[in-house]
$ cat input.cif   # mmCIF, C-alpha atoms and all ligand atoms
data_upload
#
loop_
_atom_site.group_PDB
_atom_site.id
_atom_site.type_symbol
_atom_site.label_atom_id
_atom_site.label_comp_id
_atom_site.auth_asym_id
_atom_site.auth_seq_id
_atom_site.Cartn_x
_atom_site.Cartn_y
_atom_site.Cartn_z
ATOM 1 C CA MET A 1 13.910 -64.326 -33.881
ATOM 2 C CA LYS A 2 15.518 -61.573 -35.887
ATOM 3 C CA GLY A 3 19.232 -60.994 -35.549
ATOM 4 C CA ASN A 4 20.464 -57.681 -34.225
ATOM 5 C CA ASN A 5 21.725 -56.556 -37.651
ATOM 6 C CA ASP A 6 18.434 -57.369 -39.363
ATOM 7 C CA GLY A 7 16.661 -55.376 -36.667
ATOM 8 C CA LYS A 8 18.973 -52.402 -37.213
ATOM 9 C CA THR A 9 18.542 -52.495 -40.986
ATOM 10 C CA GLN A 10 14.782 -52.622 -40.638
ATOM 11 C CA ILE A 11 14.657 -49.633 -38.264
ATOM 12 C CA ILE A 12 16.930 -47.563 -40.513
ATOM 13 C CA LYS A 13 14.823 -48.464 -43.583
ATOM 14 C CA THR A 14 11.559 -47.564 -41.836
ATOM 15 C CA MET A 15 12.960 -44.226 -40.657
ATOM 16 C CA SER A 16 14.345 -43.291 -44.076
ATOM 17 C CA ARG A 17 11.118 -44.306 -45.838
ATOM 18 C CA HIS A 18 9.395 -41.717 -43.645
ATOM 19 C CA HIS A 19 12.215 -39.174 -44.118
ATOM 20 C CA ALA A 20 12.705 -39.165 -40.342
ATOM 21 C CA GLY A 21 15.968 -38.684 -38.438
ATOM 22 C CA PHE A 22 16.969 -39.991 -34.994
ATOM 23 C CA SER A 23 16.697 -37.073 -32.587
ATOM 24 C CA LYS A 24 19.643 -36.987 -30.205
ATOM 25 C CA LYS A 25 17.912 -34.329 -28.130
ATOM 26 C CA LEU A 26 14.967 -36.675 -27.482
ATOM 27 C CA GLY A 27 17.242 -39.610 -26.630
ATOM 28 C CA GLN A 28 16.208 -41.646 -29.678
ATOM 29 C CA ASN A 29 18.228 -44.859 -29.582
ATOM 30 C CA PHE A 30 15.883 -47.584 -30.752
ATOM 31 C CA LEU A 31 16.087 -51.192 -29.643
ATOM 32 C CA ALA A 32 17.035 -53.467 -32.494
ATOM 33 C CA ASP A 33 17.546 -56.762 -30.678
ATOM 34 C CA GLN A 34 14.459 -58.977 -30.607
ATOM 35 C CA GLY A 35 15.914 -61.094 -27.785
ATOM 36 C CA VAL A 36 16.292 -58.041 -25.542
ATOM 37 C CA ILE A 37 12.791 -56.855 -26.434
ATOM 38 C CA GLN A 38 11.328 -60.216 -25.390
ATOM 39 C CA GLU A 39 13.313 -60.250 -22.142
ATOM 40 C CA ILE A 40 11.976 -56.810 -21.194
ATOM 41 C CA GLY A 41 8.434 -58.046 -21.861
ATOM 42 C CA GLU A 42 9.088 -61.097 -19.710
ATOM 43 C CA GLY A 43 10.815 -59.099 -16.942
ATOM 44 C CA ALA A 44 7.837 -56.754 -16.651
ATOM 45 C CA CYS A 45 5.701 -59.798 -15.619
ATOM 46 C CA LEU A 46 2.613 -58.840 -17.611
ATOM 47 C CA THR A 47 -0.803 -60.508 -17.756
ATOM 48 C CA GLU A 48 -4.123 -59.835 -19.493
ATOM 49 C CA LYS A 49 -5.233 -57.968 -16.390
ATOM 50 C CA ASP A 50 -2.535 -55.329 -16.836
ATOM 51 C CA HIS A 51 -2.802 -51.896 -18.359
ATOM 52 C CA VAL A 52 0.698 -50.881 -19.468
ATOM 53 C CA VAL A 53 1.660 -47.270 -19.935
ATOM 54 C CA GLU A 54 4.687 -47.254 -22.211
ATOM 55 C CA ILE A 55 6.999 -44.252 -21.946
ATOM 56 C CA GLY A 56 8.518 -43.231 -25.288
ATOM 57 C CA PRO A 57 7.418 -46.011 -27.680
ATOM 58 C CA GLY A 58 9.413 -44.565 -30.604
ATOM 59 C CA ILE A 59 8.484 -46.565 -33.702
ATOM 60 C CA GLY A 60 6.871 -49.320 -31.664
ATOM 61 C CA VAL A 61 9.343 -52.194 -31.412
ATOM 62 C CA LEU A 62 8.694 -52.731 -27.714
ATOM 63 C CA THR A 63 5.040 -51.668 -27.962
ATOM 64 C CA CYS A 64 4.126 -54.749 -30.018
ATOM 65 C CA GLU A 65 5.785 -57.047 -27.485
ATOM 66 C CA LEU A 66 3.876 -55.355 -24.645
ATOM 67 C CA ALA A 67 0.584 -55.564 -26.558
ATOM 68 C CA ARG A 68 1.059 -59.324 -27.008
ATOM 69 C CA ARG A 69 1.519 -59.812 -23.261
ATOM 70 C CA ALA A 70 -0.732 -57.219 -21.554
ATOM 71 C CA GLY A 71 -4.460 -56.496 -21.609
ATOM 72 C CA TYR A 72 -4.051 -52.960 -22.884
ATOM 73 C CA VAL A 73 -1.198 -50.579 -23.776
ATOM 74 C CA THR A 74 -1.210 -46.789 -23.726
ATOM 75 C CA ALA A 75 1.885 -45.582 -25.574
ATOM 76 C CA VAL A 76 2.948 -41.998 -24.780
ATOM 77 C CA GLU A 77 5.306 -40.470 -27.365
ATOM 78 C CA ILE A 78 6.413 -36.841 -27.565
ATOM 79 C CA ASP A 79 7.752 -36.851 -31.142
ATOM 80 C CA GLY A 80 4.960 -36.325 -33.676
ATOM 81 C CA SER A 81 7.172 -37.345 -36.597
ATOM 82 C CA LEU A 82 7.285 -40.933 -35.240
ATOM 83 C CA ILE A 83 3.525 -41.327 -34.785
ATOM 84 C CA PRO A 84 2.738 -42.547 -38.367
ATOM 85 C CA MET A 85 5.390 -45.303 -38.028
ATOM 86 C CA LEU A 86 4.150 -46.187 -34.573
ATOM 87 C CA LYS A 87 0.552 -46.421 -35.824
ATOM 88 C CA LYS A 88 1.652 -48.704 -38.636
ATOM 89 C CA ALA A 89 3.639 -50.930 -36.268
ATOM 90 C CA VAL A 90 0.642 -51.547 -33.986
ATOM 91 C CA GLU A 91 -2.120 -51.670 -36.613
ATOM 92 C CA GLY A 92 -2.659 -55.394 -36.034
ATOM 93 C CA PHE A 93 -3.493 -54.872 -32.344
ATOM 94 C CA ASP A 94 -6.850 -53.718 -30.987
ATOM 95 C CA ASN A 95 -5.517 -53.179 -27.464
ATOM 96 C CA VAL A 96 -3.135 -50.266 -28.107
ATOM 97 C CA ARG A 97 -3.765 -46.530 -28.096
ATOM 98 C CA ILE A 98 -1.201 -43.881 -28.910
ATOM 99 C CA LEU A 99 -1.017 -40.552 -27.129
ATOM 100 C CA HIS A 100 1.113 -37.833 -28.661
ATOM 101 C CA GLN A 101 2.265 -35.994 -25.556
ATOM 102 C CA ASP A 102 5.026 -35.358 -23.029
ATOM 103 C CA ILE A 103 5.195 -38.041 -20.326
ATOM 104 C CA LEU A 104 6.304 -35.396 -17.815
ATOM 105 C CA LYS A 105 2.962 -33.630 -18.360
ATOM 106 C CA THR A 106 0.859 -36.804 -18.356
ATOM 107 C CA GLN A 107 -1.444 -37.711 -15.476
ATOM 108 C CA ILE A 108 -0.943 -41.472 -15.594
ATOM 109 C CA ASP A 109 -3.345 -42.306 -12.732
ATOM 110 C CA GLN A 110 -6.068 -40.314 -14.442
ATOM 111 C CA LEU A 111 -5.462 -42.147 -17.754
ATOM 112 C CA HIS A 112 -5.785 -45.445 -15.931
ATOM 113 C CA SER A 113 -8.967 -44.509 -14.038
ATOM 114 C CA LEU A 114 -10.678 -43.351 -17.240
ATOM 115 C CA LEU A 115 -9.702 -46.530 -19.059
ATOM 116 C CA LEU A 116 -11.145 -48.639 -16.240
ATOM 117 C CA GLU A 117 -14.599 -47.222 -17.010
ATOM 118 C CA THR A 118 -14.597 -49.112 -20.334
ATOM 119 C CA HIS A 119 -12.139 -51.911 -19.419
ATOM 120 C CA PRO A 120 -12.967 -52.913 -15.832
ATOM 121 C CA GLN A 121 -10.990 -56.149 -16.199
ATOM 122 C CA LEU A 122 -7.681 -54.205 -16.125
ATOM 123 C CA GLU A 123 -6.782 -54.651 -12.478
ATOM 124 C CA ASN A 124 -3.224 -53.355 -12.491
ATOM 125 C CA LEU A 125 -1.343 -50.404 -13.864
ATOM 126 C CA LYS A 126 2.263 -51.152 -14.892
ATOM 127 C CA ILE A 127 4.709 -48.722 -16.434
ATOM 128 C CA VAL A 128 7.326 -49.837 -18.955
ATOM 129 C CA GLY A 129 9.814 -47.984 -21.127
ATOM 130 C CA ASN A 130 13.164 -47.718 -22.759
ATOM 131 C CA LEU A 131 13.712 -44.290 -21.250
ATOM 132 C CA PRO A 132 15.236 -41.317 -23.008
ATOM 133 C CA TYR A 133 18.537 -40.891 -21.120
ATOM 134 C CA TYR A 134 18.195 -37.129 -20.749
ATOM 135 C CA ILE A 135 15.194 -37.382 -18.413
ATOM 136 C CA THR A 136 15.553 -40.786 -16.731
ATOM 137 C CA THR A 137 15.774 -39.452 -13.178
ATOM 138 C CA PRO A 138 13.076 -36.751 -13.521
ATOM 139 C CA ILE A 139 10.632 -39.318 -14.947
ATOM 140 C CA ILE A 140 11.236 -41.867 -12.188
ATOM 141 C CA MET A 141 11.117 -39.264 -9.404
ATOM 142 C CA LYS A 142 7.949 -37.671 -10.812
ATOM 143 C CA LEU A 143 6.173 -41.033 -10.797
ATOM 144 C CA LEU A 144 7.308 -41.926 -7.288
ATOM 145 C CA GLU A 145 6.796 -38.523 -5.667
ATOM 146 C CA GLU A 146 3.312 -38.235 -7.151
ATOM 147 C CA GLY A 147 2.542 -41.655 -5.662
ATOM 148 C CA VAL A 148 1.505 -43.175 -8.997
ATOM 149 C CA ARG A 149 -0.808 -46.132 -8.341
ATOM 150 C CA ALA A 150 1.268 -48.524 -10.462
ATOM 151 C CA LYS A 151 2.377 -51.969 -9.332
ATOM 152 C CA SER A 152 5.746 -51.689 -11.041
ATOM 153 C CA ILE A 153 7.951 -49.592 -13.292
ATOM 154 C CA THR A 154 10.152 -51.612 -15.656
ATOM 155 C CA VAL A 155 12.645 -49.340 -17.334
ATOM 156 C CA MET A 156 15.825 -49.385 -19.349
ATOM 157 C CA MET A 157 18.376 -46.764 -18.399
ATOM 158 C CA GLN A 158 22.064 -45.937 -18.616
ATOM 159 C CA ARG A 159 23.983 -48.538 -16.595
ATOM 160 C CA GLU A 160 25.606 -45.956 -14.268
ATOM 161 C CA VAL A 161 22.181 -44.616 -13.277
ATOM 162 C CA ALA A 162 20.894 -48.139 -12.628
ATOM 163 C CA GLN A 163 23.905 -48.796 -10.392
ATOM 164 C CA ARG A 164 23.041 -45.730 -8.343
ATOM 165 C CA LEU A 165 19.426 -46.830 -7.940
ATOM 166 C CA MET A 166 20.541 -50.291 -6.755
ATOM 167 C CA ALA A 167 23.479 -49.162 -4.567
ATOM 168 C CA ALA A 168 23.669 -50.281 -0.943
ATOM 169 C CA PRO A 169 24.742 -47.973 1.924
ATOM 170 C CA GLY A 170 28.523 -47.743 2.144
ATOM 171 C CA SER A 171 29.082 -48.049 -1.582
ATOM 172 C CA ARG A 172 30.550 -45.210 -3.621
ATOM 173 C CA THR A 173 27.444 -44.891 -5.771
ATOM 174 C CA PHE A 174 24.954 -44.697 -2.874
ATOM 175 C CA GLY A 175 23.308 -41.266 -2.966
ATOM 176 C CA ALA A 176 20.088 -39.318 -2.454
ATOM 177 C CA ILE A 177 18.473 -40.975 -5.500
ATOM 178 C CA SER A 178 19.292 -44.477 -4.115
ATOM 179 C CA VAL A 179 17.608 -43.614 -0.816
ATOM 180 C CA ALA A 180 14.565 -42.122 -2.536
ATOM 181 C CA VAL A 181 14.006 -44.989 -4.966
ATOM 182 C CA GLN A 182 14.634 -47.673 -2.329
ATOM 183 C CA TYR A 183 12.198 -45.951 0.024
ATOM 184 C CA TYR A 184 9.404 -46.224 -2.544
ATOM 185 C CA CYS A 185 10.367 -49.459 -4.330
ATOM 186 C CA GLN A 186 12.052 -52.795 -4.236
ATOM 187 C CA VAL A 187 14.639 -52.584 -7.005
ATOM 188 C CA ARG A 188 15.461 -55.644 -9.151
ATOM 189 C CA GLU A 189 17.897 -55.947 -11.998
ATOM 190 C CA ILE A 190 16.239 -57.639 -14.972
ATOM 191 C CA LEU A 191 18.865 -57.479 -17.669
ATOM 192 C CA GLN A 192 22.101 -55.836 -18.798
ATOM 193 C CA VAL A 193 22.037 -54.593 -22.365
ATOM 194 C CA SER A 194 25.028 -53.803 -24.555
ATOM 195 C CA ARG A 195 25.078 -50.515 -26.460
ATOM 196 C CA GLU A 196 25.251 -52.645 -29.619
ATOM 197 C CA ALA A 197 21.573 -53.570 -29.175
ATOM 198 C CA PHE A 198 20.521 -50.057 -30.263
ATOM 199 C CA VAL A 199 20.405 -47.993 -33.392
ATOM 200 C CA PRO A 200 22.077 -45.551 -33.440
ATOM 201 C CA VAL A 201 24.649 -47.050 -31.030
ATOM 202 C CA PRO A 202 24.839 -44.846 -27.889
ATOM 203 C CA LYS A 203 28.042 -44.102 -25.950
ATOM 204 C CA VAL A 204 26.950 -46.110 -22.905
ATOM 205 C CA ASP A 205 25.652 -49.562 -21.990
ATOM 206 C CA SER A 206 22.252 -49.989 -20.382
ATOM 207 C CA THR A 207 20.478 -51.937 -17.667
ATOM 208 C CA VAL A 208 16.814 -52.813 -17.297
ATOM 209 C CA LEU A 209 15.453 -52.527 -13.759
ATOM 210 C CA ARG A 210 12.049 -53.405 -12.388
ATOM 211 C CA LEU A 211 10.967 -51.141 -9.557
ATOM 212 C CA ASP A 212 8.237 -52.931 -7.619
ATOM 213 C CA ILE A 213 6.333 -50.232 -5.778
ATOM 214 C CA ARG A 214 6.105 -51.078 -2.089
ATOM 215 C CA GLU A 215 2.711 -51.415 -0.477
ATOM 216 C CA GLU A 216 4.377 -50.835 2.852
ATOM 217 C CA LYS A 217 7.354 -48.515 3.235
ATOM 218 C CA PRO A 218 10.580 -49.982 4.668
ATOM 219 C CA VAL A 219 10.781 -47.337 7.427
ATOM 220 C CA SER A 220 8.059 -45.512 9.267
ATOM 221 C CA LEU A 221 8.240 -41.723 9.098
ATOM 222 C CA THR A 222 6.601 -38.987 11.133
ATOM 223 C CA ASP A 223 7.077 -36.547 8.281
ATOM 224 C CA GLU A 224 8.124 -37.645 4.779
ATOM 225 C CA ALA A 225 9.182 -34.127 3.776
ATOM 226 C CA MET A 226 11.599 -33.990 6.723
ATOM 227 C CA PHE A 227 13.112 -37.336 5.682
ATOM 228 C CA PHE A 228 13.872 -36.041 2.186
ATOM 229 C CA LYS A 229 15.152 -32.762 3.599
ATOM 230 C CA VAL A 230 17.668 -34.667 5.740
ATOM 231 C CA VAL A 231 18.667 -36.930 2.845
ATOM 232 C CA ARG A 232 19.181 -33.961 0.487
ATOM 233 C CA ALA A 233 21.177 -32.029 3.080
ATOM 234 C CA GLY A 234 23.268 -35.091 3.972
ATOM 235 C CA PHE A 235 24.326 -35.675 0.370
ATOM 236 C CA SER A 236 24.559 -32.014 -0.633
ATOM 237 C CA GLN A 237 28.336 -32.134 -0.296
ATOM 238 C CA ARG A 238 29.476 -35.717 -0.284
ATOM 239 C CA ARG A 239 32.826 -35.125 1.373
ATOM 240 C CA LYS A 240 31.343 -33.382 4.392
ATOM 241 C CA THR A 241 30.744 -35.222 7.640
ATOM 242 C CA LEU A 242 27.141 -35.656 8.662
ATOM 243 C CA LEU A 243 27.685 -33.060 11.378
ATOM 244 C CA ASN A 244 28.794 -30.398 8.906
ATOM 245 C CA ALA A 245 26.215 -31.323 6.302
ATOM 246 C CA LEU A 246 23.257 -31.281 8.720
ATOM 247 C CA SER A 247 24.219 -28.330 10.952
ATOM 248 C CA GLY A 248 21.751 -25.516 10.407
ATOM 249 C CA LEU A 249 18.814 -27.862 9.789
ATOM 250 C CA GLU A 250 15.855 -26.947 12.020
ATOM 251 C CA GLN A 251 17.943 -24.089 13.440
ATOM 252 C CA LEU A 252 20.324 -26.494 15.160
ATOM 253 C CA GLY A 253 23.831 -25.110 15.516
ATOM 254 C CA LYS A 254 26.869 -27.363 15.296
ATOM 255 C CA GLU A 255 27.040 -28.243 18.982
ATOM 256 C CA GLU A 256 23.308 -28.903 19.215
ATOM 257 C CA MET A 257 23.444 -31.073 16.098
ATOM 258 C CA ARG A 258 26.363 -33.067 17.509
ATOM 259 C CA GLU A 259 24.403 -33.757 20.697
ATOM 260 C CA PHE A 260 21.280 -34.575 18.743
ATOM 261 C CA LEU A 261 23.092 -37.102 16.484
ATOM 262 C CA LEU A 262 24.780 -38.729 19.478
ATOM 263 C CA SER A 263 21.394 -38.990 21.212
ATOM 264 C CA LYS A 264 20.205 -40.930 18.145
ATOM 265 C CA ASP A 265 23.240 -43.254 18.343
ATOM 266 C CA ILE A 266 24.755 -41.871 15.169
ATOM 267 C CA ASP A 267 28.414 -40.874 15.009
ATOM 268 C CA PRO A 268 28.491 -37.216 13.796
ATOM 269 C CA GLY A 269 31.777 -37.929 11.974
ATOM 270 C CA ARG A 270 30.157 -40.378 9.554
ATOM 271 C CA ARG A 271 29.309 -39.467 5.968
ATOM 272 C CA ALA A 272 25.809 -39.650 4.479
ATOM 273 C CA GLU A 273 26.696 -42.490 2.087
ATOM 274 C CA THR A 274 27.264 -44.837 5.046
ATOM 275 C CA LEU A 275 23.798 -44.363 6.534
ATOM 276 C CA SER A 276 21.002 -46.885 6.085
ATOM 277 C CA LEU A 277 17.411 -45.834 5.344
ATOM 278 C CA GLU A 278 16.588 -46.693 8.953
ATOM 279 C CA GLU A 279 19.290 -44.313 10.239
ATOM 280 C CA PHE A 280 18.091 -41.471 7.981
ATOM 281 C CA ALA A 281 14.583 -42.139 9.290
ATOM 282 C CA ARG A 282 15.788 -42.049 12.912
ATOM 283 C CA ILE A 283 17.359 -38.608 12.339
ATOM 284 C CA ALA A 284 14.325 -37.257 10.464
ATOM 285 C CA ASN A 285 11.810 -38.543 13.008
ATOM 286 C CA GLY A 286 13.907 -37.081 15.833
ATOM 287 C CA LEU A 287 14.055 -33.696 14.117
ATOM 288 C CA SER A 288 10.360 -33.579 13.351
ATOM 289 C CA LEU A 289 9.515 -34.263 16.992
ATOM 290 C CA ARG A 290 11.564 -31.296 18.231
HETATM 291 N N1 LIG B 1 10.741 -47.575 -27.099
HETATM 292 C C1 LIG B 1 11.566 -47.334 -28.258
HETATM 293 C C2 LIG B 1 12.612 -48.425 -28.360
HETATM 294 O O1 LIG B 1 12.835 -49.105 -27.367
HETATM 295 O O2 LIG B 1 13.192 -48.562 -29.418
HETATM 296 C C3 LIG B 1 12.233 -45.944 -28.207
HETATM 297 C C4 LIG B 1 13.109 -45.675 -27.029
HETATM 298 S S1 LIG B 1 14.060 -44.199 -27.139
HETATM 299 C C5 LIG B 1 15.386 -44.569 -26.021
HETATM 300 C C6 LIG B 1 13.171 -43.003 -26.174
HETATM 301 C C7 LIG B 1 11.844 -42.522 -26.767
HETATM 302 O O3 LIG B 1 11.246 -41.596 -25.873
HETATM 303 C C8 LIG B 1 11.951 -41.789 -28.102
HETATM 304 O O4 LIG B 1 11.000 -42.284 -28.989
HETATM 305 C C9 LIG B 1 11.662 -40.325 -27.749
HETATM 306 O O5 LIG B 1 11.085 -39.592 -28.803
HETATM 307 C C10 LIG B 1 10.699 -40.500 -26.585
HETATM 308 N N2 LIG B 1 10.649 -39.356 -25.659
HETATM 309 C C11 LIG B 1 11.651 -38.482 -25.340
HETATM 310 N N3 LIG B 1 11.213 -37.592 -24.433
HETATM 311 C C12 LIG B 1 9.910 -37.903 -24.168
HETATM 312 C C13 LIG B 1 8.911 -37.330 -23.319
HETATM 313 N N4 LIG B 1 9.181 -36.265 -22.542
HETATM 314 N N5 LIG B 1 7.676 -37.892 -23.296
HETATM 315 C C14 LIG B 1 7.398 -38.968 -24.090
HETATM 316 N N6 LIG B 1 8.308 -39.548 -24.906
HETATM 317 C C15 LIG B 1 9.543 -39.024 -24.953
#

$ encode --input "input.cif" --output "structure tokens" --more "lines below"
Ligand code: SAM
Amino acid sequence: MKGNNDGKTQIIKTMSRHHAGFSKKLGQNFLADQGVIQEIGEGACLTEKDHVVEIGPGIGVLTCELARRAGYVTAVEIDGSLIPMLKKAVEGFDNVRILHQDILKTQIDQLHSLLLETHPQLENLKIVGNLPYYITTPIIMKLLEEGVRAKSITVMMQREVAQRLMAAPGSRTFGAISVAVQYYCQVREILQVSREAFVPVPKVDSTVLRLDIREEKPVSLTDEAMFFKVVRAGFSQRRKTLLNALSGLEQLGKEEMREFLLSKDIDPGRRAETLSLEEFARIANGLSLR
């Protein structure tokens, strides 16, 4: 196992040999700690039957670990200047392909279906990545809202974002993104990672989460869009009471909303961050039946 400093030196050498710089704009902080890389591979629970789509492989440190554990890896990288280094890093593997494109414009389900035509043994799609910080939330929400047919999404992100995704109702960090992610997934913390594990060293520490996509949702909804409308409105101004935040929804004035919330056994003076998913669902289902 290589030490963290050896890993850093090697990454810096590789980048300078290719006259490449670390792009801050693209969130390029590369993992230099072999122990962390192995733990991510382990935490993603991969087998030969898995097709992994890796988001942002960079120069391939994690890609090689994934290729050793999974049946096949599709690595999607936006930065063309990294592709030659990435190709070199994975040249010993015959189960890796590199796609030079933007993950936000990638149809992951389609990639998987096409691959199945030639690799029918790949039963599961799993998504893994050390995410660029600047688009962590958009990437996760795109995958979940599109209903990607993956079993799990194992991703490294800024620790504060991970705390929001894991937060329970009543905690200060519980927000619309916590509700959304917990509606679609069971969230597990895999590993906390110090900023010192990266080169260049970022300003924040990180956490790796595995989001296991639920086969069955935790609450039953009459209308999913209404649920998210209520959640967004509830958290739109965190200091507002539920009554003030939700008044106006579905043309309900303040008095009507108060009566409606009371009829659903919900105190109108509460704030959105105290509500459970079940309570949000009760409000949304009530509103969509009106
Ligand atoms: N996986 C590598 C590692 O762990 O060392 C690199 C991780 S680095 C935090 C994020 C990577 O995502 C960079 O290589 C960056 O170029 C790439 N990236 C940024 N935006 C992207 C996008 N929209 N689509 C695909 N890759 C992107």

$ closest_residue --input "input.cif" --among "A:Leu275, A:Val208, A:Leu144, A:Leu111" --to "Val231 (chain A)" --atoms "only C-alpha atoms"
A:Leu275

$ residues_near_ligand --input "input.cif" --ligand "ligand LIG 1 (chain B)" --cutoff "7 Å" --atoms "all atoms listed in the file" --output "list in words"
Leu26, Gly27, Gln28, Asn29, Phe30, Leu31, Ala32, Ile55, Gly56, Pro57, Gly58, Ile59, Gly60, Val61, Leu62, Val76, Glu77, Ile78, Asp79, Gln101, Asp102, Ile103, Leu104, Gly129, Asn130, Leu131, Pro132 and Tyr133 of chain A

$ atom_distance --input "input.cif" --atom1 "CA of Asn95 (chain A)" --atom2 "CA of Val73 (chain A)"
6.2 Å

$ atom_distance --input "input.cif" --atom1 "CA of Gly269 (chain A)" --atom2 "CA of Leu242 (chain A)"
6.1 Å

$ closest_residue --input "input.cif" --among "A:Arg238, A:Lys254, A:Arg68, A:His18" --to "Thr47 (chain A)" --atoms "all atoms listed in the file"
A:Arg68

$ residues_around --input "input.cif" --residues "Glu54 (chain A)" --least-positions-apart "6" --cutoff "6 Å" --atoms "only C-alpha atoms" --output "list in words"
Ala75, Ile127, Val128 and Gly129 of chain A

$ atom_distance --input "input.cif" --atom1 "CA of Thr173 (chain A)" --atom2 "CA of Gly234 (chain A)"
14.4 Å

$ closest_atom_pairs --input "input.cif" --of "region 83-187 of chain A" --to "region 210-215 of chain A" --cutoff "8 Å" --atoms "all atoms listed in the file" --output "JSON lines"
{"residue": "A:Ala150", "atom": "CA", "partner": "A:Ile213", "partner_atom": "CA", "distance": 7.1}
{"residue": "A:Lys151", "atom": "CA", "partner": "A:Ile213", "partner_atom": "CA", "distance": 5.6}
{"residue": "A:Ser152", "atom": "CA", "partner": "A:Asp212", "partner_atom": "CA", "distance": 4.4}
{"residue": "A:Ile153", "atom": "CA", "partner": "A:Leu211", "partner_atom": "CA", "distance": 5.0}
{"residue": "A:Thr154", "atom": "CA", "partner": "A:Arg210", "partner_atom": "CA", "distance": 4.2}
{"residue": "A:Val155", "atom": "CA", "partner": "A:Arg210", "partner_atom": "CA", "distance": 6.4}
{"residue": "A:Tyr184", "atom": "CA", "partner": "A:Arg214", "partner_atom": "CA", "distance": 5.9}
{"residue": "A:Cys185", "atom": "CA", "partner": "A:Ile213", "partner_atom": "CA", "distance": 4.4}
{"residue": "A:Gln186", "atom": "CA", "partner": "A:Asp212", "partner_atom": "CA", "distance": 5.1}
{"residue": "A:Val187", "atom": "CA", "partner": "A:Leu211", "partner_atom": "CA", "distance": 4.7}

$ closest_residue --input "input.cif" --among "A:Lys217, A:Arg258, A:Arg239, A:His19" --to "Glu273 (chain A)" --atoms "all atoms listed in the file"
A:Arg239

$ resolve_selection --input "input.cif" --expression "the PyMOL selection byres (((chain A and resi 218-226) around 10) and not hetatm)" --output "number ranges by chain"
A: 182-186, 214-217, 227-232, 249-250, 277-289
